[in-house]
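A.B. asks: Just dropping this structure here.
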Amino acid sequence: MTQTRRIASRDSHHSSFAMLHRWTTSALLLATISTSIAFTPQRPKAAMIPMSSILRCAMRRGHTATHWLRPRQIPTSIARSESTSSLASRVGKVDFYNEQTALPHLDEVALQNRARQIAKCIGYPHYDVTLLLVDDKEMTEVNLESRGIAGPTDILSFPFHECVEPGVLEPPEFDIPDYYSLGDMVIDVPYVIRCCNDDREDFERFQAGGSDSSDSGDNDGENDNDSEDEEGEEEDDDDRGVSGAMATVFDPERRLHMLLVHGMLHLVGHDHEEDDEYEVMVTEEETLLKELDLVD
């Protein structure tokens, strides 16, 4: 079972949507400051920024671009964020957009509550997070724009903040609510369903062939086991973290909850490209999966 290969790598902070989010914020902020200095009553003009695939997905069901851009309400007196911020006690919200049709009876409330649970577990209960569920077409567009890959994947994460170290974000630059955001996640539900079906078939084939392989020749067992151990070192990685846990979970809705663990750890700076990063991330995933009762 090779579920690890299906989990997309963490996207750059300079991905199209993350940059779109920041450019809008910066444009409004600079325009407000300039207006204040010049003592002119004119309102700042909105920045001309290309619309991303994520925005198009949201707007197709009537969500406006203004809502998705989340324009910043910059006060006249802008205070830099401090550790004693009054906003540190706020309760973060989940901006949820269900644009997929493959799971029409999905429990949206449970998924949003799960995102809040994870945010609390990773130490950011006062931060907002955005979750968008899409079909293959939308995910392919987002994946192509953000990573240059022309095809769907299960989940993409777009962090809003840089991290000091994995799991620790830089404090918000400005002490206003919209800066308390972890970022955005996009999940391709049909892709997740296909992975469930593929893994179920793999699991059934493994069970069907398990008894035969266990009874077969003990003559050369020692040499065979040595070679299998060497060749299987890389495959053992598939058994770690969210990837390994999902390999025997064939309910797509349950997998969505597990993918949130993976995606939200990316939002706070975790990665799995290098061996040391991978070890830290999968260990954190396993801890969260147990804490959230997502594994037996």
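Residue numbers start at 1 in each chain; chains themselves are named A, B, ... in the order of the structure tokens; ligands are numbered from 1 in the order shown.
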List the spatial neighbours of Glu277 of chain A as a list in words - criterion: any atom at most 12 Å away, only C-alpha atoms, same-chain residues fewer than 6 positions off excluded.

C.D. replies: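 The residues satisfying every condition are Ser9, Arg10, Glu165, Pro166, Gly167, Leu265, His266, Gly269, His270, Asp271, Thr283 and Glu284 of chain A.
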
A.B. asks: Using only C-alpha atoms, which residues sit within 9 Å of segment 119-135 of chain A once same-chain residues fewer than 2 positions away are excluded, as an mmCIF file with N, CA and C atoms, in the first residue's frame?

C.D. replies:
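Listing of result14.cif after writing:
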data_model
loop_
_atom_site.group_PDB
_atom_site.id
_atom_site.type_symbol
_atom_site.label_atom_id
_atom_site.label_comp_id
_atom_site.auth_asym_id
_atom_site.auth_seq_id
_atom_site.Cartn_x
_atom_site.Cartn_y
_atom_site.Cartn_z
ATOM 1 N N ILE A 54 -9.099 28.610 -6.808
ATOM 2 C CA ILE A 54 -9.861 28.452 -5.570
ATOM 3 C C ILE A 54 -10.990 29.469 -5.519
ATOM 4 N N CYS A 57 -13.748 28.387 -7.825
ATOM 5 C CA CYS A 57 -14.533 27.303 -7.229
ATOM 6 C C CYS A 57 -15.578 27.861 -6.279
ATOM 7 N N ALA A 58 -15.155 28.781 -5.426
ATOM 8 C CA ALA A 58 -16.059 29.347 -4.427
ATOM 9 C C ALA A 58 -17.165 30.159 -5.070
ATOM 10 N N LEU A 87 -6.435 39.547 21.265
ATOM 11 C CA LEU A 87 -7.004 38.599 20.314
ATOM 12 C C LEU A 87 -6.525 37.175 20.556
ATOM 13 N N ALA A 88 -5.535 37.008 21.419
ATOM 14 C CA ALA A 88 -5.016 35.672 21.686
ATOM 15 C C ALA A 88 -6.041 34.780 22.374
ATOM 16 N N SER A 89 -7.099 35.388 22.930
ATOM 17 C CA SER A 89 -8.128 34.615 23.606
ATOM 18 C C SER A 89 -9.364 34.397 22.733
ATOM 19 N N ARG A 90 -9.324 34.867 21.503
ATOM 20 C CA ARG A 90 -10.470 34.694 20.605
ATOM 21 C C ARG A 90 -10.620 33.228 20.218
ATOM 22 N N VAL A 91 -11.797 32.857 19.786
ATOM 23 C CA VAL A 91 -12.059 31.499 19.310
ATOM 24 C C VAL A 91 -12.006 31.512 17.787
ATOM 25 N N GLY A 92 -11.103 30.754 17.232
ATOM 26 C CA GLY A 92 -10.959 30.721 15.780
ATOM 27 C C GLY A 92 -12.160 30.082 15.101
ATOM 28 N N LYS A 93 -12.411 30.490 13.869
ATOM 29 C CA LYS A 93 -13.541 29.938 13.113
ATOM 30 C C LYS A 93 -13.017 29.121 11.935
ATOM 31 N N VAL A 94 -13.898 28.283 11.403
ATOM 32 C CA VAL A 94 -13.586 27.476 10.225
ATOM 33 C C VAL A 94 -14.431 27.980 9.062
ATOM 34 N N ASP A 95 -13.781 28.534 8.051
ATOM 35 C CA ASP A 95 -14.483 28.928 6.827
ATOM 36 C C ASP A 95 -14.566 27.693 5.939
ATOM 37 N N PHE A 96 -15.777 27.183 5.759
ATOM 38 C CA PHE A 96 -15.971 25.880 5.109
ATOM 39 C C PHE A 96 -16.761 26.042 3.823
ATOM 40 N N TYR A 97 -16.250 25.441 2.739
ATOM 41 C CA TYR A 97 -16.907 25.495 1.432
ATOM 42 C C TYR A 97 -16.949 24.094 0.847
ATOM 43 N N ASN A 98 -18.155 23.561 0.679
ATOM 44 C CA ASN A 98 -18.331 22.215 0.152
ATOM 45 C C ASN A 98 -18.731 22.304 -1.318
ATOM 46 N N GLU A 99 -17.755 22.166 -2.208
ATOM 47 C CA GLU A 99 -17.993 22.312 -3.640
ATOM 48 C C GLU A 99 -18.030 20.971 -4.364
ATOM 49 N N GLN A 100 -17.972 19.874 -3.629
ATOM 50 C CA GLN A 100 -17.942 18.547 -4.240
ATOM 51 C C GLN A 100 -19.326 17.906 -4.211
ATOM 52 N N THR A 101 -19.523 16.888 -5.044
ATOM 53 C CA THR A 101 -20.814 16.195 -5.108
ATOM 54 C C THR A 101 -20.675 14.698 -4.876
ATOM 55 N N ALA A 102 -19.457 14.210 -4.696
ATOM 56 C CA ALA A 102 -19.234 12.769 -4.579
ATOM 57 C C ALA A 102 -19.758 12.207 -3.262
ATOM 58 N N GLN A 112 -15.995 20.347 10.415
ATOM 59 C CA GLN A 112 -15.590 21.652 10.942
ATOM 60 C C GLN A 112 -15.167 21.549 12.409
ATOM 61 N N ARG A 114 -13.901 18.975 13.775
ATOM 62 C CA ARG A 114 -12.610 18.296 13.795
ATOM 63 C C ARG A 114 -11.477 19.288 13.547
ATOM 64 N N ALA A 115 -11.695 20.199 12.601
ATOM 65 C CA ALA A 115 -10.669 21.210 12.327
ATOM 66 C C ALA A 115 -10.414 22.063 13.568
ATOM 67 N N ARG A 116 -11.477 22.401 14.295
ATOM 68 C CA ARG A 116 -11.307 23.174 15.531
ATOM 69 C C ARG A 116 -10.547 22.367 16.582
ATOM 70 N N GLN A 117 -10.859 21.080 16.673
ATOM 71 C CA GLN A 117 -10.160 20.218 17.628
ATOM 72 C C GLN A 117 -8.660 20.183 17.323
ATOM 73 N N LYS A 137 -11.735 18.151 -11.087
ATOM 74 C CA LYS A 137 -11.452 19.239 -12.011
ATOM 75 C C LYS A 137 -10.868 20.445 -11.281
ATOM 76 N N GLU A 138 -11.511 20.813 -10.189
ATOM 77 C CA GLU A 138 -11.051 21.975 -9.432
ATOM 78 C C GLU A 138 -9.667 21.723 -8.824
ATOM 79 N N MET A 139 -9.467 20.511 -8.263
ATOM 80 C CA MET A 139 -8.173 20.212 -7.663
ATOM 81 C C MET A 139 -7.067 20.208 -8.712
ATOM 82 N N THR A 140 -7.359 19.706 -9.895
ATOM 83 C CA THR A 140 -6.358 19.706 -10.963
ATOM 84 C C THR A 140 -5.935 21.128 -11.308
ATOM 85 N N PRO A 152 -4.869 15.633 -10.269
ATOM 86 C CA PRO A 152 -5.416 15.824 -8.920
ATOM 87 C C PRO A 152 -4.520 15.211 -7.860
ATOM 88 N N GLY A 167 5.778 23.574 13.678
ATOM 89 C CA GLY A 167 4.815 23.645 14.768
ATOM 90 C C GLY A 167 4.729 24.980 15.459
ATOM 91 N N VAL A 168 5.635 25.904 15.117
ATOM 92 C CA VAL A 168 5.651 27.223 15.750
ATOM 93 C C VAL A 168 5.639 28.303 14.675
ATOM 94 N N PRO A 177 -8.027 40.778 13.627
ATOM 95 C CA PRO A 177 -8.547 39.408 13.534
ATOM 96 C C PRO A 177 -8.127 38.633 12.292
ATOM 97 N N ASP A 178 -8.133 39.281 11.118
ATOM 98 C CA ASP A 178 -7.858 38.529 9.897
ATOM 99 C C ASP A 178 -6.411 38.080 9.779
ATOM 100 N N TYR A 179 -5.537 38.574 10.618
ATOM 101 C CA TYR A 179 -4.159 38.094 10.612
ATOM 102 C C TYR A 179 -4.009 36.834 11.462
ATOM 103 N N TYR A 180 -5.058 36.489 12.201
ATOM 104 C CA TYR A 180 -5.048 35.261 12.984
ATOM 105 C C TYR A 180 -5.652 34.143 12.130
ATOM 106 N N SER A 181 -4.894 33.729 11.143
ATOM 107 C CA SER A 181 -5.333 32.693 10.216
ATOM 108 C C SER A 181 -4.200 31.698 9.989
ATOM 109 N N LEU A 182 -4.527 30.411 10.047
ATOM 110 C CA LEU A 182 -3.527 29.386 9.753
ATOM 111 C C LEU A 182 -3.301 29.262 8.257
ATOM 112 N N GLY A 183 -4.356 29.478 7.484
ATOM 113 C CA GLY A 183 -4.248 29.351 6.039
ATOM 114 C C GLY A 183 -5.413 28.552 5.482
ATOM 115 N N ASP A 184 -5.176 27.890 4.358
ATOM 116 C CA ASP A 184 -6.248 27.253 3.615
ATOM 117 C C ASP A 184 -5.873 25.831 3.210
ATOM 118 N N MET A 185 -6.884 24.955 3.212
ATOM 119 C CA MET A 185 -6.700 23.580 2.756
ATOM 120 C C MET A 185 -7.732 23.262 1.687
ATOM 121 N N VAL A 186 -7.309 22.507 0.683
ATOM 122 C CA VAL A 186 -8.198 22.060 -0.383
ATOM 123 C C VAL A 186 -8.112 20.540 -0.439
ATOM 124 N N ILE A 187 -9.255 19.859 -0.372
ATOM 125 C CA ILE A 187 -9.293 18.395 -0.415
ATOM 126 C C ILE A 187 -10.133 17.937 -1.600
ATOM 127 N N ASP A 188 -9.589 17.005 -2.372
ATOM 128 C CA ASP A 188 -10.277 16.421 -3.521
ATOM 129 C C ASP A 188 -11.006 15.164 -3.049
ATOM 130 N N VAL A 189 -12.316 15.252 -2.872
ATOM 131 C CA VAL A 189 -13.097 14.145 -2.304
ATOM 132 C C VAL A 189 -13.155 12.929 -3.233
ATOM 133 N N PRO A 190 -13.430 13.072 -4.542
ATOM 134 C CA PRO A 190 -13.412 11.887 -5.413
ATOM 135 C C PRO A 190 -12.066 11.165 -5.404
ATOM 136 N N TYR A 191 -10.992 11.915 -5.298
ATOM 137 C CA TYR A 191 -9.661 11.309 -5.231
ATOM 138 C C TYR A 191 -9.530 10.452 -3.974
ATOM 139 N N MET A 264 -3.308 20.294 8.395
ATOM 140 C CA MET A 264 -3.139 21.370 9.370
ATOM 141 C C MET A 264 -1.728 21.384 9.958
ATOM 142 N N LEU A 265 -1.074 20.232 9.997
ATOM 143 C CA LEU A 265 0.334 20.238 10.414
ATOM 144 C C LEU A 265 1.193 20.957 9.372
ATOM 145 N N VAL A 268 1.150 24.703 9.951
ATOM 146 C CA VAL A 268 1.988 25.241 11.033
ATOM 147 C C VAL A 268 3.462 24.893 10.833
ATOM 148 N N LEU A 288 -1.437 12.941 17.300
ATOM 149 C CA LEU A 288 -2.736 13.583 17.111
ATOM 150 C C LEU A 288 -3.823 12.575 16.775
ATOM 151 N N GLU A 291 -4.842 11.043 19.973
ATOM 152 C CA GLU A 291 -5.509 12.024 20.838
ATOM 153 C C GLU A 291 -6.927 12.313 20.362
ATOM 154 N N LEU A 292 -7.130 12.268 19.054
ATOM 155 C CA LEU A 292 -8.438 12.578 18.471
ATOM 156 C C LEU A 292 -9.286 11.324 18.264
#

A.B. asks: For atom CA of Asn197 of chain A and atom CA of Gly244 of chain A, determine how far apart the two atoms are, in Å to one decimal place.

C.D. replies: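 Going from atom CA of Asn197 of chain A over to atom CA of Gly244 of chain A, I get 15.5 Å.
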
A.B. asks: Kindly give the distance, in Å, that separates atom CA of Leu259 of chain A and atom CA of Thr153 of chain A, rounded to a single decimal.

C.D. replies: 11.9 Å

A.B. asks: Find the residue from A:Glu173, A:Arg254, A:Met246, A:Phe206 that sits nearest to His161 of chain A; use only C-alpha atoms when measuring.

C.D. replies: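 Comparing A:Glu173, A:Arg254, A:Met246, A:Phe206 against His161 of chain A, the winner is A:Glu173.
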
A.B. asks: Kindly give the distance, in Å, that separates atom CA of Asp107 of chain A and atom CA of Glu253 of chain A, rounded to a single decimal.

C.D. replies: 8.2 Å

A.B. asks: Please return as JSON, numbers by chain: the residues of segment 72-213 of chain A that backbone DSSP assigns to helix (DSSP H, G or I).

C.D. replies: {"A": [86, 87, 88, 89, 108, 109, 110, 111, 112, 113, 114, 115, 116, 117, 118, 119, 120, 121, 136, 137, 138, 139, 140, 141, 142, 143, 144, 145, 146, 147, 177, 178, 179, 189, 190, 191, 192, 193, 194, 195, 196, 197, 198, 199, 200, 201, 202, 203, 204, 205, 206, 207, 208, 209, 210, 211, 212, 213]}
